[in-house]
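Here is the structure we will look at, set down as structure tokens.
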Amino acid sequence: MTGRTSFVLVGFGYRAEAFWRLSTALPDVTCVGAVVRTPRTLPVPAFGSLADCLDSVRPDFVVTALPRAANPDILVDAVARGVPVLTETPPAPDLPGLRDLWEAVGDSGLVQVAEQYLLMPAHAARLAAVRSGIIGTPTQVQVSSTQQYHAVSLIRGLLDVGHDPATVRASRTTAPLLDPQNRAGWTDDPVPKPATTTIATLDFGRGRSGLYDFTDNQTRNQLRFRRILVRGTHGELRDDEVVHLAAPRTVVRSPLVRRQTGHDLDLDGFDTGAITLGSEVLYRNPYPGQRWNDDEIATATMLQAMAAWVRGAGAAPYPLAEGAQDHLIALAIEQAADTDRTVTTTTRAWT
């Protein structure tokens, strides 16, 4: 297959609108419709049901961006009609939902999950550095940045633990914190409010572990640093710096350097260029000139990867089994924190 690959959206909220908007700038992907519960004017044709939409515009795949409780039914419906699906995270709300969803659509191989965090420029560069072997074999990943399945995806991906069981211990504390920004923008609220921090340790066995540390709204609250640490047998990566043994009796610290245009007398316009480690290019922005933020770059990358996979021109971007495993461990973190008891994940059908 050649030419543009078409998709339809189910839902047209915050995340769905981002998929449509980014697709308008991509040369090989186009949004041809949206399924919405409430009739309204949209920039693409609107339909009241998935059946009507698929019959009318016949897309190559579907992108769902729905509340987690409503999502599985749409996935099952699309797969029953033989249409590939890219689903927003998480694919189902809870463990029974994951089990039922896998039983219904797992064997189809048609469902991918839009887990974009490892595609963000900084994380993609860190992953490339770790996989280069510069810090040896990774043994521990600590993430204090984003919540639940997103953080678990980072931990699993950087550790390369696959679907190995995890023993989870977790606790919560609450303390006052200003919350200056949320999805709607600046709050202008000068009063600290109670914010809960969840800290969990994940033991994957054979010397591999993870640390999860998340405070309410940390994704948007710029009063909390984002931190990531990858420890390995021969060194470690901390945020944007690597320390490793480069030669006998020679410990070297090297920065990951991000080329960001548009500063000072750089007149190319504000944009992400590349991220390097010494002379090695770890990551290069595939969308120069778009001026996209990191989440937009990652989402566009996922959308194009899905289109390539549907055309038979690329690998599966993030199969349902991976998204289900991320959420399984995220649920175990919440359960361990709720009960103050150790929780161990077990092998599931998707493994």
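Ordering of the structure tokens sets the chain letters (A, B, ...), residue numbers begin anew at 1 in every chain, and ligands are numbered from 1 in the order given.
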
Each residue of stretch 156-203 of chain A lying at most 8 Å from stretch 216-222 of chain A should get a row with its shortest atom-to-atom pair and the distance in Å to one decimal, counting only C-alpha atoms; could you produce that, ordered by chain and increasing number, as a tab-separated table?
```
residue	atom	partner	partner_atom	distance
A:Asp179	CA	A:Asn221	CA	6.2
A:Pro180	CA	A:Asn221	CA	6.6
A:Gln181	CA	A:Asn221	CA	5.9
A:Asn182	CA	A:Arg220	CA	5.9
A:Arg183	CA	A:Arg220	CA	7.4
A:Ala195	CA	A:Asp216	CA	5.6
A:Thr196	CA	A:Asp216	CA	5.6
A:Thr197	CA	A:Asp216	CA	6.5
```

Could you take the residues named above and write them with all heavy atoms, as an mmCIF file, in the first residue's frame?
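Result file is again_24.cif:
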```cif
data_model
loop_
_atom_site.group_PDB
_atom_site.id
_atom_site.type_symbol
_atom_site.label_atom_id
_atom_site.label_comp_id
_atom_site.auth_asym_id
_atom_site.auth_seq_id
_atom_site.Cartn_x
_atom_site.Cartn_y
_atom_site.Cartn_z
ATOM 1 N N ASP A 179 -0.546 24.526 43.678
ATOM 2 C CA ASP A 179 -0.884 23.878 42.417
ATOM 3 C C ASP A 179 -1.114 24.967 41.373
ATOM 4 O O ASP A 179 -2.250 25.293 41.042
ATOM 5 C CB ASP A 179 -2.137 23.021 42.604
ATOM 6 C CG ASP A 179 -2.318 22.011 41.496
ATOM 7 O OD1 ASP A 179 -1.386 21.845 40.682
ATOM 8 O OD2 ASP A 179 -3.386 21.376 41.437
ATOM 9 N N PRO A 180 -0.028 25.549 40.832
ATOM 10 C CA PRO A 180 -0.183 26.747 40.001
ATOM 11 C C PRO A 180 -0.769 26.513 38.623
ATOM 12 O O PRO A 180 -1.305 27.437 38.010
ATOM 13 C CB PRO A 180 1.248 27.289 39.903
ATOM 14 C CG PRO A 180 2.120 26.089 40.100
ATOM 15 C CD PRO A 180 1.381 25.198 41.051
ATOM 16 N N GLN A 181 -0.663 25.283 38.092
ATOM 17 C CA GLN A 181 -1.149 25.009 36.742
ATOM 18 C C GLN A 181 -1.871 23.676 36.687
ATOM 19 O O GLN A 181 -1.493 22.713 37.361
ATOM 20 C CB GLN A 181 0.011 24.989 35.739
ATOM 21 C CG GLN A 181 0.634 26.344 35.454
ATOM 22 C CD GLN A 181 1.818 26.216 34.524
ATOM 23 O OE1 GLN A 181 2.884 25.767 34.925
ATOM 24 N NE2 GLN A 181 1.641 26.611 33.279
ATOM 25 N N ASN A 182 -2.904 23.622 35.843
ATOM 26 C CA ASN A 182 -3.545 22.359 35.523
ATOM 27 C C ASN A 182 -3.829 22.342 34.024
ATOM 28 O O ASN A 182 -3.324 23.202 33.291
ATOM 29 C CB ASN A 182 -4.818 22.153 36.357
ATOM 30 C CG ASN A 182 -5.817 23.293 36.191
ATOM 31 O OD1 ASN A 182 -5.891 23.926 35.134
ATOM 32 N ND2 ASN A 182 -6.588 23.559 37.243
ATOM 33 N N ARG A 183 -4.619 21.394 33.576
ATOM 34 C CA ARG A 183 -4.855 21.283 32.127
ATOM 35 C C ARG A 183 -5.480 22.547 31.547
ATOM 36 O O ARG A 183 -5.245 22.891 30.382
ATOM 37 C CB ARG A 183 -5.742 20.062 31.843
ATOM 38 C CG ARG A 183 -6.040 19.854 30.371
ATOM 39 C CD ARG A 183 -6.839 18.598 30.127
ATOM 40 N NE ARG A 183 -6.025 17.396 30.245
ATOM 41 C CZ ARG A 183 -6.458 16.159 29.981
ATOM 42 N NH1 ARG A 183 -7.707 15.980 29.604
ATOM 43 N NH2 ARG A 183 -5.656 15.129 30.110
ATOM 44 N N ALA A 195 -1.681 17.504 48.862
ATOM 45 C CA ALA A 195 -1.267 16.731 47.692
ATOM 46 C C ALA A 195 -0.688 15.401 48.170
ATOM 47 O O ALA A 195 0.100 15.374 49.119
ATOM 48 C CB ALA A 195 -0.233 17.488 46.869
ATOM 49 N N THR A 196 -1.062 14.335 47.513
ATOM 50 C CA THR A 196 -0.628 13.001 47.911
ATOM 51 C C THR A 196 0.544 12.539 47.064
ATOM 52 O O THR A 196 0.518 12.664 45.836
ATOM 53 C CB THR A 196 -1.783 11.998 47.782
ATOM 54 O OG1 THR A 196 -2.843 12.399 48.662
ATOM 55 C CG2 THR A 196 -1.334 10.594 48.150
ATOM 56 N N THR A 197 1.544 12.025 47.721
ATOM 57 C CA THR A 197 2.700 11.431 47.045
ATOM 58 C C THR A 197 2.667 9.922 47.244
ATOM 59 O O THR A 197 2.532 9.440 48.378
ATOM 60 C CB THR A 197 4.019 11.993 47.597
ATOM 61 O OG1 THR A 197 4.087 13.389 47.315
ATOM 62 C CG2 THR A 197 5.217 11.291 46.963
#
```

As an MDAnalysis selection string, list the residues of stretch 35-207 of chain A assigned to alpha helix (DSSP H) by DSSP on the backbone atoms of this structure. chainID A and resid 50:57 71:80 95:105 121:131 148:159

Atom CA of A:Leu265 sits from atom CA of A:Asp239 at a separation of 27.3 Å

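We find atom CA of A:Ala170 and atom CA of A:Ala330 to be spaced 11.1 Å apart.
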
Tell me which protein, DNA and RNA residues are within 9 Å of A:Leu320, counting only C-alpha atoms, leaving out same-chain ones fewer than 5 positions away, and put them as a PyMOL selection string. chain A and resi 87+91+102+106+109-113+325+350

So that I can check the surroundings of A:Leu328, please list as number ranges by chain every protein, DNA and RNA residue that reaches within 10 Å of it, counting only C-alpha atoms and ignoring chain neighbours fewer than 4 positions away. A: 90, 94-95, 98, 148-149, 152, 166, 322-324, 332-333, 345-346, 348

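One distance worth recording is that between atom CA of A:Ala25 and atom CA of A:Ser49, which is 26.8 Å.
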
Find the residues around stretch 51-65 of chain A up to 6 Å (only C-alpha atoms counted), leave out those fewer than 6 positions away in its own chain, and share them as a ChimeraX atom specification. /A:6-11,16,83-88

Just-selected residues, all heavy atoms written as a PDB file, in the first residue's frame:
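Output file selection12.pdb follows:
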```pdb
ATOM      1  N   SER A   6      -5.627   6.511   6.269  1.00  0.00           N
ATOM      2  CA  SER A   6      -6.716   7.252   6.900  1.00  0.00           C
ATOM      3  C   SER A   6      -7.108   6.620   8.233  1.00  0.00           C
ATOM      4  O   SER A   6      -6.977   5.414   8.446  1.00  0.00           O
ATOM      5  CB  SER A   6      -7.937   7.295   5.974  1.00  0.00           C
ATOM      6  OG  SER A   6      -8.435   5.988   5.749  1.00  0.00           O
ATOM      7  N   PHE A   7      -7.586   7.477   9.136  1.00  0.00           N
ATOM      8  CA  PHE A   7      -8.109   6.974  10.407  1.00  0.00           C
ATOM      9  C   PHE A   7      -9.313   7.801  10.825  1.00  0.00           C
ATOM     10  O   PHE A   7      -9.524   8.923  10.338  1.00  0.00           O
ATOM     11  CB  PHE A   7      -7.031   7.008  11.494  1.00  0.00           C
ATOM     12  CG  PHE A   7      -6.655   8.382  11.984  1.00  0.00           C
ATOM     13  CD1 PHE A   7      -7.246   8.945  13.109  1.00  0.00           C
ATOM     14  CD2 PHE A   7      -5.686   9.137  11.315  1.00  0.00           C
ATOM     15  CE1 PHE A   7      -6.894  10.206  13.559  1.00  0.00           C
ATOM     16  CE2 PHE A   7      -5.327  10.400  11.763  1.00  0.00           C
ATOM     17  CZ  PHE A   7      -5.929  10.942  12.884  1.00  0.00           C
ATOM     18  N   VAL A   8     -10.091   7.239  11.735  1.00  0.00           N
ATOM     19  CA  VAL A   8     -11.192   7.969  12.345  1.00  0.00           C
ATOM     20  C   VAL A   8     -10.978   7.983  13.855  1.00  0.00           C
ATOM     21  O   VAL A   8     -10.353   7.077  14.421  1.00  0.00           O
ATOM     22  CB  VAL A   8     -12.571   7.357  12.013  1.00  0.00           C
ATOM     23  CG1 VAL A   8     -12.853   7.467  10.536  1.00  0.00           C
ATOM     24  CG2 VAL A   8     -12.669   5.918  12.493  1.00  0.00           C
ATOM     25  N   LEU A   9     -11.494   9.005  14.474  1.00  0.00           N
ATOM     26  CA  LEU A   9     -11.425   9.149  15.923  1.00  0.00           C
ATOM     27  C   LEU A   9     -12.727   8.706  16.559  1.00  0.00           C
ATOM     28  O   LEU A   9     -13.808   8.933  15.994  1.00  0.00           O
ATOM     29  CB  LEU A   9     -11.170  10.610  16.291  1.00  0.00           C
ATOM     30  CG  LEU A   9      -9.772  11.154  16.007  1.00  0.00           C
ATOM     31  CD1 LEU A   9      -9.797  12.670  15.934  1.00  0.00           C
ATOM     32  CD2 LEU A   9      -8.793  10.678  17.076  1.00  0.00           C
ATOM     33  N   VAL A  10     -12.631   8.089  17.711  1.00  0.00           N
ATOM     34  CA  VAL A  10     -13.803   7.860  18.542  1.00  0.00           C
ATOM     35  C   VAL A  10     -13.608   8.720  19.782  1.00  0.00           C
ATOM     36  O   VAL A  10     -12.717   8.476  20.595  1.00  0.00           O
ATOM     37  CB  VAL A  10     -13.971   6.386  18.920  1.00  0.00           C
ATOM     38  CG1 VAL A  10     -15.221   6.204  19.781  1.00  0.00           C
ATOM     39  CG2 VAL A  10     -14.057   5.523  17.671  1.00  0.00           C
ATOM     40  N   GLY A  11     -14.448   9.761  19.884  1.00  0.00           N
ATOM     41  CA  GLY A  11     -14.256  10.809  20.868  1.00  0.00           C
ATOM     42  C   GLY A  11     -13.594  12.007  20.209  1.00  0.00           C
ATOM     43  O   GLY A  11     -12.884  11.867  19.199  1.00  0.00           O
ATOM     44  N   ALA A  16      -8.106  13.439  21.747  1.00  0.00           N
ATOM     45  CA  ALA A  16      -8.519  13.168  20.374  1.00  0.00           C
ATOM     46  C   ALA A  16      -8.251  14.361  19.469  1.00  0.00           C
ATOM     47  O   ALA A  16      -7.786  14.211  18.331  1.00  0.00           O
ATOM     48  CB  ALA A  16      -9.999  12.799  20.340  1.00  0.00           C
ATOM     49  N   VAL A  83     -11.103  -3.985  11.977  1.00  0.00           N
ATOM     50  CA  VAL A  83     -10.398  -2.726  11.810  1.00  0.00           C
ATOM     51  C   VAL A  83      -9.323  -2.585  12.895  1.00  0.00           C
ATOM     52  O   VAL A  83      -9.620  -2.720  14.080  1.00  0.00           O
ATOM     53  CB  VAL A  83     -11.367  -1.530  11.894  1.00  0.00           C
ATOM     54  CG1 VAL A  83     -10.618  -0.221  11.642  1.00  0.00           C
ATOM     55  CG2 VAL A  83     -12.492  -1.699  10.894  1.00  0.00           C
ATOM     56  N   PRO A  84      -8.072  -2.304  12.532  1.00  0.00           N
ATOM     57  CA  PRO A  84      -7.034  -2.056  13.531  1.00  0.00           C
ATOM     58  C   PRO A  84      -7.369  -0.840  14.388  1.00  0.00           C
ATOM     59  O   PRO A  84      -8.004   0.109  13.915  1.00  0.00           O
ATOM     60  CB  PRO A  84      -5.773  -1.815  12.691  1.00  0.00           C
ATOM     61  CG  PRO A  84      -6.065  -2.423  11.365  1.00  0.00           C
ATOM     62  CD  PRO A  84      -7.530  -2.256  11.151  1.00  0.00           C
ATOM     63  N   VAL A  85      -6.913  -0.859  15.646  1.00  0.00           N
ATOM     64  CA  VAL A  85      -7.231   0.214  16.588  1.00  0.00           C
ATOM     65  C   VAL A  85      -5.980   0.672  17.318  1.00  0.00           C
ATOM     66  O   VAL A  85      -5.171  -0.144  17.759  1.00  0.00           O
ATOM     67  CB  VAL A  85      -8.269  -0.241  17.638  1.00  0.00           C
ATOM     68  CG1 VAL A  85      -8.705   0.951  18.489  1.00  0.00           C
ATOM     69  CG2 VAL A  85      -9.465  -0.899  16.997  1.00  0.00           C
ATOM     70  N   LEU A  86      -5.850   1.980  17.450  1.00  0.00           N
ATOM     71  CA  LEU A  86      -4.871   2.588  18.341  1.00  0.00           C
ATOM     72  C   LEU A  86      -5.649   3.186  19.493  1.00  0.00           C
ATOM     73  O   LEU A  86      -6.409   4.135  19.306  1.00  0.00           O
ATOM     74  CB  LEU A  86      -4.070   3.673  17.612  1.00  0.00           C
ATOM     75  CG  LEU A  86      -3.030   4.438  18.450  1.00  0.00           C
ATOM     76  CD1 LEU A  86      -1.920   3.518  18.926  1.00  0.00           C
ATOM     77  CD2 LEU A  86      -2.449   5.606  17.650  1.00  0.00           C
ATOM     78  N   THR A  87      -5.482   2.624  20.691  1.00  0.00           N
ATOM     79  CA  THR A  87      -6.265   3.067  21.826  1.00  0.00           C
ATOM     80  C   THR A  87      -5.440   3.916  22.774  1.00  0.00           C
ATOM     81  O   THR A  87      -4.276   3.616  23.052  1.00  0.00           O
ATOM     82  CB  THR A  87      -6.854   1.872  22.600  1.00  0.00           C
ATOM     83  OG1 THR A  87      -7.491   2.361  23.795  1.00  0.00           O
ATOM     84  CG2 THR A  87      -5.775   0.885  23.023  1.00  0.00           C
ATOM     85  N   GLU A  88      -6.052   4.985  23.293  1.00  0.00           N
ATOM     86  CA  GLU A  88      -5.395   5.770  24.314  1.00  0.00           C
ATOM     87  C   GLU A  88      -5.240   4.940  25.583  1.00  0.00           C
ATOM     88  O   GLU A  88      -5.907   3.915  25.779  1.00  0.00           O
ATOM     89  CB  GLU A  88      -6.191   7.049  24.612  1.00  0.00           C
ATOM     90  CG  GLU A  88      -5.623   8.277  23.930  1.00  0.00           C
ATOM     91  CD  GLU A  88      -4.279   8.711  24.492  1.00  0.00           C
ATOM     92  OE1 GLU A  88      -3.698   8.008  25.332  1.00  0.00           O
ATOM     93  OE2 GLU A  88      -3.811   9.775  24.090  1.00  0.00           O
TER      94      GLU A  88
END
```

Write out as JSON, numbers by chain each polymer residue whose atoms come within 9 Å of A:Val191, counting only C-alpha atoms; drop sequence neighbours fewer than 6 positions from it. {"A": [176, 177, 178, 179]}

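Of the listed residues A:His234, A:Arg226, A:Arg206, A:Arg172, the one whose atoms come nearest to A:Ala336 is A:Arg172, with distances taken using only C-alpha atoms.
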
Can you list, as a ChimeraX atom specification, every residue of stretch 62-130 of chain A that DSSP puts in strand (DSSP E)? /A:62-64,85-87,111-113

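Of the residues under consideration (A:Thr89, A:Thr272, A:Thr344, A:Ser132), A:Thr272 shows the shortest atom-to-atom contact distance to A:Glu296 when counting only C-alpha atoms.
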
Please list as a VMD selection string every residue within 10 Å of A:Asp73, counting only C-alpha atoms and excluding residues in the same chain fewer than 3 positions away. chain A and resid 69 to 70 76 to 78 92 101 104
